[in-house]
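Asker: Can you read through this structure? Questions will come right after.
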Amino acid sequence: MKPLIASAVFGVIMMFAALSVKEKKTFTLLATLLLVLLTGVNIYELMHIMNGEIPEALFNGMLKYGSFSIWFNTLMTGIALLYVLLCGKHIEKVGQHTGEYYGLIFFILCGANLLSGYNNLLILFLGIEIISIPQYILAGSDKRNLKSSEASLKYFLMGAFSTGILLMGIALLYGAMHTFDVSQFNFMEHNVDAMSLGGIFFIMVALGFKVSAAPMHFWTPDVYDGAPTPFTAIMATIVKAAIFVAFLRLFSETFGGISQHWTLVLSIVTALTLFVGNITAVFQQSVKRMLAYSSIAQAGFMLFAVLAVNATGFKGIIIYAVAYSVATIGMFAVLMKLKDYTYDGFNGLGRKHPLLAFTATIFLLSLAGIPLTGGFFAKYFVLTAVMEQGTGMMWLVIFALLMAAISAYYYFKVLMAMYFKKGEPELAIEVTTGDRFFLGLAAAAIIVIGVAPDILLAWLKN
Amino acid sequence: MPVAVQLLIAIGFVAIMMIASHLLGPKRRTSDKLINFESGIPSIGNARQPMAVKYFLVAILFVLFDVEVIFFYPYAVNFRALGTEGFYAVLMFVAFFFCGFFYIIKKGALKWED
Amino acid sequence: MKDLVYLVPLFPLIGFLINGLFWKSMPKKISGLLASVAMLASFAVSLGIFFEIKNNPAAGGVVHLFDFIHSGSLHIPFAFQVDALSSLFLLIITGVGFLIHVYSTSYMHDDPGFTKYFAYLNFFVFAMLLLVLGANYVIMFIGWEGVGLASYLLIGFWYKRKDYTNASKKAFIMNRIGDLGFLVGMFLTLYHFGTASYGELFPKLIAGLPEGVSGNTMNAIAICFFIGAMGKSAQIPLYTWLPDAMAGPTPVSALIHAATMVTAGIYMIARSSAVYNLAPIAQSLVAIIGLATALFAASIALKQYDIKKVLAYSTVSQLGYMFLALGVGAYTSAVFHVMTHAFFKALLFLGSGSVIHAMGGEQDLRFMGGLGKKMRITQITFLLGCLAIAGIPGFSGFFSKDEILAAAYAKNPVYYYLGLAGALMTAFYMFRLYFYTFTGSFRGTHEQEHHLHESPAAMIIPLVLLAILAVVGGYVGLPEVFSEHHLLNEYLAPVVQNFDVHHLTHETEWMLMGLSVGLIVVMILLAYGRTKKPDFKENTGIAKVLENKWYVDELYDNVIVKPMKGLAVVLDKYAERSGIDGIVNGVGRLVSWGSNRMRLLQNGQVGTYIFAMVVGVVLLLAVGLLIVG
């Protein structure tokens, strides 16, 4: 509970700091400090759990934190810290209200916290909304840019639509179960009826929308492309990971008992997502838009963790969330340094700025799932998780591997531009020693996860 | 299966009706028919005139605080039953409420003149 | 010694890191020296391990370094398997690798990317060693992908030419398709046996089919692994990347695309012999695909004019032989051929590199000829390589190829006759290559003729050493008619379970040997006759088909690449905003003004998106509620 309150209060602090502080750099500094503090609070909470303290249900059973949710939160705040360190300079450049942007990022973390600890469908709804509304604002934060405003409005309208569907699903489930408390849901073969199934499917659609699963993905390319790049980076990573955790918890823990009723639909969604994301990413001209499609494709892989309905799926989502988030944030951080977001903008980067190019290489290799990077074990884990359930999903695994092979094509196009093509890449912003250090740190983290993914699982109990 | 058939028939019926009414219905387009209906009064100018954003801001803030105030009604009804704990909870609610209020005042959202 | 095995991949890794991190400031001399010394050190350790295991086969085992993952049912250790098979491969990789590193210091001397080249090369060796040393399929896969990446980087090393970078992309994508099979096989293994470690998996299989596992499962696993091997070892239908991969520098072709990486598939299947012995259908498939590739590639090599292309197709063809051996259950023969092939093919590639170096980059046979006068050592070593690959008695290729053919005869005489036909083609095209290059009169420009010179010592010494190996390398595996002891068989016996290899009578063996040798000599004479008066007129008929490699590239382009691109374009159009508008507009025109209202409703982008989303969701709900629920 402490991290939850802390993240909300820190958000308010950032808001009020915006009233008195004028210097933009100060906000980044303050946000960094507060994030360090928040990570500390999370670790403190984690220590309690590791010492054998049994977590109690909070607020009349509305919230329940286990080692999984607290560890996930710790990782997410850590990644948010990395994000601010890497992208802080760019956040300052977006618009006038830097303090508020950071405030909204804290609210996003607050929402992520709720999503990892919810024990009640109302809290799930609240978490989804708390995580979504700041995104609508962040997407439109570059007010003078027409594309940004368009992205914000589009996201808002479609988000509202999906919220309606989510509420409909929750209402149907309430009708079937007579409670919002997910721990009291008792799905048995005999009480599965159209009402509860309809509820499950509506929730699946709404959550699928938020993680940009096909065919609910249409907003993703436009919004990710239109939103200011630093905010695209957080929308595609921390937010997506947090909603996936909610998705996973709901479907594995609560609906896991009747998985035979919904896995077919979800596997169709997974296949569609992989297909649309990967195939469309191939023919993009802009790296930013390619990353938007790649985030759809990566969501397809994360859906495997949900499909698995077992403990390995939970481990898989942790590794996937971290490997994917770090690599994507790193890739966006490199992208933001450049003036030209097309592939040609990367031409000759390997010669001109070897470190930028080298770290970008590691991030891209990880996204493509090449061994010795975190991305390999992420994919390995989620696919093994599905295979543990039997060979019924074999077709989907093979399909996913085929799609992963295709994904190598468009990730390597960037590599090719950086190393195999001549050009003079123009930087939009100077690369400082700090940037180099943190990019190197992110790349090192990817390699460490790729060599010893176990360190991410050591903090999980059972 | 019967459900699917019924679904198909229902959708098909709606579609056929919509298309048929478009195809069969007589259409006369005169300039009088296409103008906006303003209760019989001739319309003046364009309805889409730019308006100061301040107007919307105040309106939205009003709705926001109005809705928050509604929460006091259920509290007032259950005042006794909720006891001290409830009182602190509402106190916290009001504190947050004031945080927001203070924030918008400071941000100058309610300043009418520039 | 066994516990020091981690040093073997560590040295190249250090070389890679130093060269890779400081490639901007590193002097050429030092980076080349560093990379070569790293290889030499690895070779020394490998040698130690090899002899330890030779003296005491029980000295091997699993060296556990740390755990990747140890949680619940999933346990993947990072461990090395040290035994006869892996130590033999270690020797080939580090030994041949060292010679090629030395050769490269001279060959790449004027290249601006010198340090980067050595960094990549060291990285390749590191990945290859991981592949061979890994004690479970996961580590093998890590190495597997690593060598793919290194080969991608090295094929595209001369990135200024667009077709070169395309070749590198092609290689990578084809390999990824193969990897897919490998991964699926690995997942199936994990699912059925709960482990991917050799030490736990194979003992379960040696006694026969374990309970609860059907023969079909074993076949499925074996075929999946074989698909992986097809990609990496360039077998039909995934072979087309290898000839294109010749775009890389010649030492790279020698190391990666002849001696080591492409034999990874053979290593994998030999390692998994326990699996294949329980999968007869997969075994036959391996044999048939191997044989088909051997013949097919050899026929293409008959009519190629690019010196490296001939060698590339020859490599594909020789790999086919190795798969034939694997398919008939003669695993040690396959490994034997890997070893001899590594020697003579690396020699031939380095020799061709020496020729190309002297010719100033010219690779076309039609402009060579009579080079022997100027480059005596290259000529002699190249000739030795040709004799070895053609299978002339006394040279290494004879023993290994003969062993494969004998095993094939024992399994099915048809395999033997087809294999023999391939061997005859091999003899023909290799000597055609040799005569065109080194004998006759020079057909290039005056400038080139003037430039002709023997290569420097750093290039010649590896050639000589490899030539010696190519001659004597076969004596570790003398056939039964010559010697009681087949050294290699004895060495590998504890690791590899040869399956059901019938022993031939000595008379049959003598007869087969005599037949093949006689015919091969005839082919060489034929090649000599054909090349005596070079006549390069336009090919027609079947020769033209061969020259154009049976038009397989064009076929793939039309059947696979173009439809995929078309699909992507279609999706791109229709998934994008304008596309959806386009559909709506098109539909609008179709039903004329009737749908005017509808188009007005749909022309906002969010509207179309939500519309498409709702259609999708309704279909999903229909599937979920009507079919499943």
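Ordering of the structure tokens sets the chain letters (A, B, ...), residue numbers begin anew at 1 in every chain, and ligands are numbered from 1 in the order given.
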Using only C-alpha atoms, which residues of chain A come within 6 Å of chain C, and what is the closest atom pair for each, with the distance in Å to one decimal? Give it as JSON lines, sorted by chain and residue number.

Answerer:
```
{"residue": "A:Pro215", "atom": "CA", "partner": "C:Met613", "partner_atom": "CA", "distance": 5.6}
{"residue": "A:Met216", "atom": "CA", "partner": "C:Met613", "partner_atom": "CA", "distance": 5.3}
{"residue": "A:Phe218", "atom": "CA", "partner": "C:Tyr609", "partner_atom": "CA", "distance": 5.7}
{"residue": "A:His261", "atom": "CA", "partner": "C:Gly629", "partner_atom": "CA", "distance": 5.9}
{"residue": "A:Val265", "atom": "CA", "partner": "C:Gly624", "partner_atom": "CA", "distance": 5.7}
{"residue": "A:Ile279", "atom": "CA", "partner": "C:Ala568", "partner_atom": "CA", "distance": 5.7}
{"residue": "A:Thr280", "atom": "CA", "partner": "C:Asp572", "partner_atom": "CA", "distance": 5.5}
{"residue": "A:Pro371", "atom": "CA", "partner": "C:Ile142", "partner_atom": "CA", "distance": 5.0}
{"residue": "A:Leu401", "atom": "CA", "partner": "C:Leu180", "partner_atom": "CA", "distance": 5.7}
{"residue": "A:Ala405", "atom": "CA", "partner": "C:Arg176", "partner_atom": "CA", "distance": 5.4}
{"residue": "A:Phe420", "atom": "CA", "partner": "C:Tyr159", "partner_atom": "CA", "distance": 4.8}
{"residue": "A:Ala452", "atom": "CA", "partner": "C:Phe68", "partner_atom": "CA", "distance": 5.0}
{"residue": "A:Asp454", "atom": "CA", "partner": "C:Ile69", "partner_atom": "CA", "distance": 4.9}
```

Asker: Only C-alpha atoms, please: the residues just picked out, written as a PDB file, in the first residue's frame.

Answerer:
```pdb
ATOM      1  CA  PRO A 215      -8.380  -6.376 -34.288  1.00  0.00           C
ATOM      2  CA  MET A 216      -8.505  -3.670 -31.599  1.00  0.00           C
ATOM      3  CA  PHE A 218      -6.205   0.437 -35.077  1.00  0.00           C
ATOM      4  CA  HIS A 261     -13.925 -21.653 -23.173  1.00  0.00           C
ATOM      5  CA  VAL A 265     -10.726 -16.788 -29.134  1.00  0.00           C
ATOM      6  CA  ILE A 279       3.609  -7.880 -41.682  1.00  0.00           C
ATOM      7  CA  THR A 280       2.689  -4.224 -41.545  1.00  0.00           C
ATOM      8  CA  PRO A 371      20.139 -15.221 -27.922  1.00  0.00           C
ATOM      9  CA  LEU A 401       8.335 -18.341 -34.571  1.00  0.00           C
ATOM     10  CA  ALA A 405      11.769 -14.601 -38.238  1.00  0.00           C
ATOM     11  CA  PHE A 420      26.089  -0.971 -43.975  1.00  0.00           C
ATOM     12  CA  ALA A 452      21.180 -14.779 -16.388  1.00  0.00           C
ATOM     13  CA  ASP A 454      17.160 -15.984 -13.267  1.00  0.00           C
TER      14      ASP A 454
END
```

Asker: Could you produce a table of the residues of chain B lying within 9 Å of chain A, with the nearest pair of atoms per residue and their separation in Å rounded to one decimal, using only C-alpha atoms, ordered by chain and increasing residue number, as JSON lines?

Answerer:
```
{"residue": "B:Cys99", "atom": "CA", "partner": "A:Val12", "partner_atom": "CA", "distance": 8.3}
{"residue": "B:Tyr103", "atom": "CA", "partner": "A:Phe16", "partner_atom": "CA", "distance": 6.9}
{"residue": "B:Lys106", "atom": "CA", "partner": "A:Leu19", "partner_atom": "CA", "distance": 6.7}
{"residue": "B:Lys107", "atom": "CA", "partner": "A:Leu19", "partner_atom": "CA", "distance": 6.8}
```

Asker: Could you dump the residues just selected with C-alpha atoms as a tab-separated table (two decimals), in the first residue's frame?

Answerer:
```tsv
chain	number	residue	atom	x	y	z
B	99	CYS	CA	-5.45	20.51	-3.50
B	103	TYR	CA	-3.89	24.05	-8.15
B	106	LYS	CA	-2.67	29.00	-8.91
B	107	LYS	CA	-2.49	27.89	-12.51
```

Asker: Go through B:Leu23, B:Met17, B:Val58, B:Gln49 and flag the residue nearest chain C, using only C-alpha atoms for the distances.

Answerer: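 Closest to chain C of all the choices is B:Leu23.
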
Asker: Select, as a PyMOL selection string, those residues of chain B with any atom no more than 10 Å from chain C (distances computed using only C-alpha atoms).

Answerer: chain B and resi 1+3-4+18-23

Asker: Would you save the residues from that selection as an mmCIF file, in the first residue's frame, using N, CA and C atoms?

Answerer:
```
data_model
loop_
_atom_site.group_PDB
_atom_site.id
_atom_site.type_symbol
_atom_site.label_atom_id
_atom_site.label_comp_id
_atom_site.auth_asym_id
_atom_site.auth_seq_id
_atom_site.Cartn_x
_atom_site.Cartn_y
_atom_site.Cartn_z
ATOM 1 N N MET B 1 -26.863 -22.745 -33.228
ATOM 2 C CA MET B 1 -27.116 -22.637 -34.671
ATOM 3 C C MET B 1 -28.368 -21.820 -34.989
ATOM 4 N N VAL B 3 -29.556 -19.641 -33.248
ATOM 5 C CA VAL B 3 -29.234 -18.262 -32.878
ATOM 6 C C VAL B 3 -28.529 -17.576 -34.032
ATOM 7 N N ALA B 4 -27.613 -18.330 -34.664
ATOM 8 C CA ALA B 4 -26.855 -17.750 -35.767
ATOM 9 C C ALA B 4 -27.786 -17.389 -36.908
ATOM 10 N N MET B 18 -32.687 -0.682 -44.854
ATOM 11 C CA MET B 18 -31.974 0.587 -45.016
ATOM 12 C C MET B 18 -31.704 0.879 -46.480
ATOM 13 N N ILE B 19 -31.230 -0.158 -47.175
ATOM 14 C CA ILE B 19 -30.907 0.041 -48.587
ATOM 15 C C ILE B 19 -32.178 0.322 -49.374
ATOM 16 N N ALA B 20 -33.217 -0.455 -49.059
ATOM 17 C CA ALA B 20 -34.460 -0.310 -49.813
ATOM 18 C C ALA B 20 -35.042 1.078 -49.640
ATOM 19 N N SER B 21 -35.003 1.586 -48.418
ATOM 20 C CA SER B 21 -35.600 2.904 -48.211
ATOM 21 C C SER B 21 -34.820 3.973 -48.956
ATOM 22 N N HIS B 22 -33.497 3.745 -49.043
ATOM 23 C CA HIS B 22 -32.713 4.716 -49.809
ATOM 24 C C HIS B 22 -33.027 4.646 -51.288
ATOM 25 N N LEU B 23 -33.186 3.415 -51.770
ATOM 26 C CA LEU B 23 -33.385 3.246 -53.205
ATOM 27 C C LEU B 23 -34.791 3.666 -53.620
#
```

Asker: Do a neighbour search on range 294-309 of chain A at 7 Å with only C-alpha atoms, toss out local chain neighbours closer than 5 positions, and write the hits as a list in words.

Answerer: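 Non-adjacent residues within range: Val211, Ser212, Ala213, Ala236, Leu248, Phe251, Ser252, Gly256, Thr263, Thr270, Thr273, Leu274, Gly277, Asn278, Ala281, Phe314, Gly316, Ile317, Lys379, Val382, Leu383, Ala385, Val386 and Gln389 of chain A.
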
Asker: Find the residues near range 61-77 of chain B: any atom within 10 Å, counting only C-alpha atoms, skip ones fewer than 5 places away on the same chain, and give them as JSON, numbers by chain.

Answerer: {"B": [56, 82, 86, 87, 90, 93, 94, 97, 100, 101, 104, 109, 110]}

Asker: Can I get the selection written as a compact mmCIF listing (two decimals), in the first residue's frame, with C-alpha atoms?

Answerer:
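Ended up saving to selection-v2.txt:
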```txt
# COMPACT_ATOMS: atom_id res chain seq x y z
CA PHE B 56 -14.95 25.53 -21.69
CA LEU B 82 -19.50 5.68 9.40
CA GLY B 86 -15.53 7.85 7.89
CA PHE B 87 -14.99 11.37 9.08
CA VAL B 90 -14.07 12.47 4.05
CA PHE B 93 -11.31 13.61 0.36
CA VAL B 94 -11.87 17.29 1.04
CA PHE B 97 -10.41 18.38 -3.31
CA GLY B 100 -7.10 20.49 -6.90
CA PHE B 101 -8.86 23.76 -6.23
CA ILE B 104 -6.35 25.49 -10.65
CA ALA B 109 -7.48 28.60 -14.87
CA LEU B 110 -10.20 30.79 -13.43
```

Asker: Tell me, as a list of chain:residue names, which residues lie within 10 Å of Gln379 in chain C, counting only C-alpha atoms; anything in the same chain fewer than 3 positions away does not count.

Answerer: C:Gly351, C:Ser352, C:Ser354, C:Val355, C:Gly370, C:Leu371, C:Gly372, C:Lys373, C:Lys374, C:Met375, C:Arg376, C:Phe382, C:Leu383, C:Leu384, C:Gly385, C:Tyr434, C:Thr437, C:Phe438, C:Thr439, C:Glu454

Asker: Take the residues from that selection and write them out as a PDB file, in the first residue's frame, keeping N, CA and C atoms.

Answerer:
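Output saved as again-v5.pdb:
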```
ATOM      1  N   GLY C 351      43.146 -21.060 -51.256  1.00  0.00           N
ATOM      2  CA  GLY C 351      43.863 -21.042 -52.517  1.00  0.00           C
ATOM      3  C   GLY C 351      43.181 -20.121 -53.508  1.00  0.00           C
ATOM      4  N   SER C 352      41.844 -20.210 -53.584  1.00  0.00           N
ATOM      5  CA  SER C 352      41.131 -19.333 -54.512  1.00  0.00           C
ATOM      6  C   SER C 352      41.297 -17.882 -54.072  1.00  0.00           C
ATOM      7  N   SER C 354      43.933 -16.698 -52.677  1.00  0.00           N
ATOM      8  CA  SER C 354      45.267 -16.334 -53.142  1.00  0.00           C
ATOM      9  C   SER C 354      45.222 -15.955 -54.631  1.00  0.00           C
ATOM     10  N   VAL C 355      44.446 -16.735 -55.399  1.00  0.00           N
ATOM     11  CA  VAL C 355      44.299 -16.445 -56.831  1.00  0.00           C
ATOM     12  C   VAL C 355      43.625 -15.087 -57.035  1.00  0.00           C
ATOM     13  N   GLY C 370      46.746 -20.439 -66.800  1.00  0.00           N
ATOM     14  CA  GLY C 370      48.206 -20.384 -66.759  1.00  0.00           C
ATOM     15  C   GLY C 370      48.777 -19.724 -65.525  1.00  0.00           C
ATOM     16  N   LEU C 371      47.954 -19.624 -64.476  1.00  0.00           N
ATOM     17  CA  LEU C 371      48.455 -18.945 -63.277  1.00  0.00           C
ATOM     18  C   LEU C 371      49.551 -19.762 -62.587  1.00  0.00           C
ATOM     19  N   GLY C 372      49.615 -21.063 -62.897  1.00  0.00           N
ATOM     20  CA  GLY C 372      50.569 -21.943 -62.231  1.00  0.00           C
ATOM     21  C   GLY C 372      52.001 -21.466 -62.358  1.00  0.00           C
ATOM     22  N   LYS C 373      52.308 -20.835 -63.491  1.00  0.00           N
ATOM     23  CA  LYS C 373      53.688 -20.411 -63.695  1.00  0.00           C
ATOM     24  C   LYS C 373      54.114 -19.350 -62.690  1.00  0.00           C
ATOM     25  N   LYS C 374      53.164 -18.488 -62.343  1.00  0.00           N
ATOM     26  CA  LYS C 374      53.500 -17.381 -61.458  1.00  0.00           C
ATOM     27  C   LYS C 374      53.307 -17.737 -59.984  1.00  0.00           C
ATOM     28  N   MET C 375      52.437 -18.675 -59.719  1.00  0.00           N
ATOM     29  CA  MET C 375      52.104 -18.968 -58.331  1.00  0.00           C
ATOM     30  C   MET C 375      52.238 -20.475 -58.107  1.00  0.00           C
ATOM     31  N   ARG C 376      53.471 -20.904 -57.996  1.00  0.00           N
ATOM     32  CA  ARG C 376      53.731 -22.330 -57.948  1.00  0.00           C
ATOM     33  C   ARG C 376      53.149 -22.981 -56.686  1.00  0.00           C
ATOM     34  N   PHE C 382      46.709 -26.202 -54.271  1.00  0.00           N
ATOM     35  CA  PHE C 382      45.347 -26.303 -54.816  1.00  0.00           C
ATOM     36  C   PHE C 382      45.140 -27.668 -55.447  1.00  0.00           C
ATOM     37  N   LEU C 383      46.168 -28.135 -56.142  1.00  0.00           N
ATOM     38  CA  LEU C 383      46.067 -29.449 -56.768  1.00  0.00           C
ATOM     39  C   LEU C 383      45.862 -30.532 -55.713  1.00  0.00           C
ATOM     40  N   LEU C 384      46.602 -30.415 -54.622  1.00  0.00           N
ATOM     41  CA  LEU C 384      46.435 -31.399 -53.554  1.00  0.00           C
ATOM     42  C   LEU C 384      45.001 -31.376 -53.032  1.00  0.00           C
ATOM     43  N   GLY C 385      44.467 -30.161 -52.882  1.00  0.00           N
ATOM     44  CA  GLY C 385      43.087 -30.037 -52.425  1.00  0.00           C
ATOM     45  C   GLY C 385      42.136 -30.700 -53.404  1.00  0.00           C
ATOM     46  N   TYR C 434      40.468 -26.429 -61.792  1.00  0.00           N
ATOM     47  CA  TYR C 434      41.921 -26.401 -61.654  1.00  0.00           C
ATOM     48  C   TYR C 434      42.589 -26.099 -62.993  1.00  0.00           C
ATOM     49  N   THR C 437      42.123 -22.598 -64.260  1.00  0.00           N
ATOM     50  CA  THR C 437      42.830 -21.567 -63.515  1.00  0.00           C
ATOM     51  C   THR C 437      44.341 -21.625 -63.720  1.00  0.00           C
ATOM     52  N   PHE C 438      44.888 -22.816 -63.609  1.00  0.00           N
ATOM     53  CA  PHE C 438      46.344 -22.885 -63.468  1.00  0.00           C
ATOM     54  C   PHE C 438      47.084 -23.321 -64.723  1.00  0.00           C
ATOM     55  N   THR C 439      46.370 -23.930 -65.656  1.00  0.00           N
ATOM     56  CA  THR C 439      47.080 -24.389 -66.843  1.00  0.00           C
ATOM     57  C   THR C 439      46.634 -23.584 -68.061  1.00  0.00           C
ATOM     58  N   GLU C 454      53.032 -14.328 -56.543  1.00  0.00           N
ATOM     59  CA  GLU C 454      52.726 -15.278 -55.485  1.00  0.00           C
ATOM     60  C   GLU C 454      52.367 -14.490 -54.226  1.00  0.00           C
TER      61      GLU C 454
END
```

Asker: Which parts of range 14-113 of chain B does DSSP call helix (DSSP H, G or I) when run on the backbone here, written out as an MDAnalysis selection string?

Answerer: chainID B and resid 14:24 31:34 53:70 72:77 79:107

Asker: Please identify all polymer residues within 12 Å of Arg271 in chain C, counting only C-alpha atoms, omitting same-chain residues fewer than 6 positions from it, and present them as a count of residues only.

Answerer: 35

Asker: CA of Val310 in chain C to CA of Thr445 in chain C: how many Å, to one decimal?

Answerer: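 Those two atoms sit 22.5 Å apart.
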
Asker: Which polymer residues have any atom within 6 Å of an atom of range 199-201 of chain A, counting only C-alpha atoms, with same-chain residues fewer than 4 positions away left out, as a ChimeraX atom specification?

Answerer: /A:169,172-173
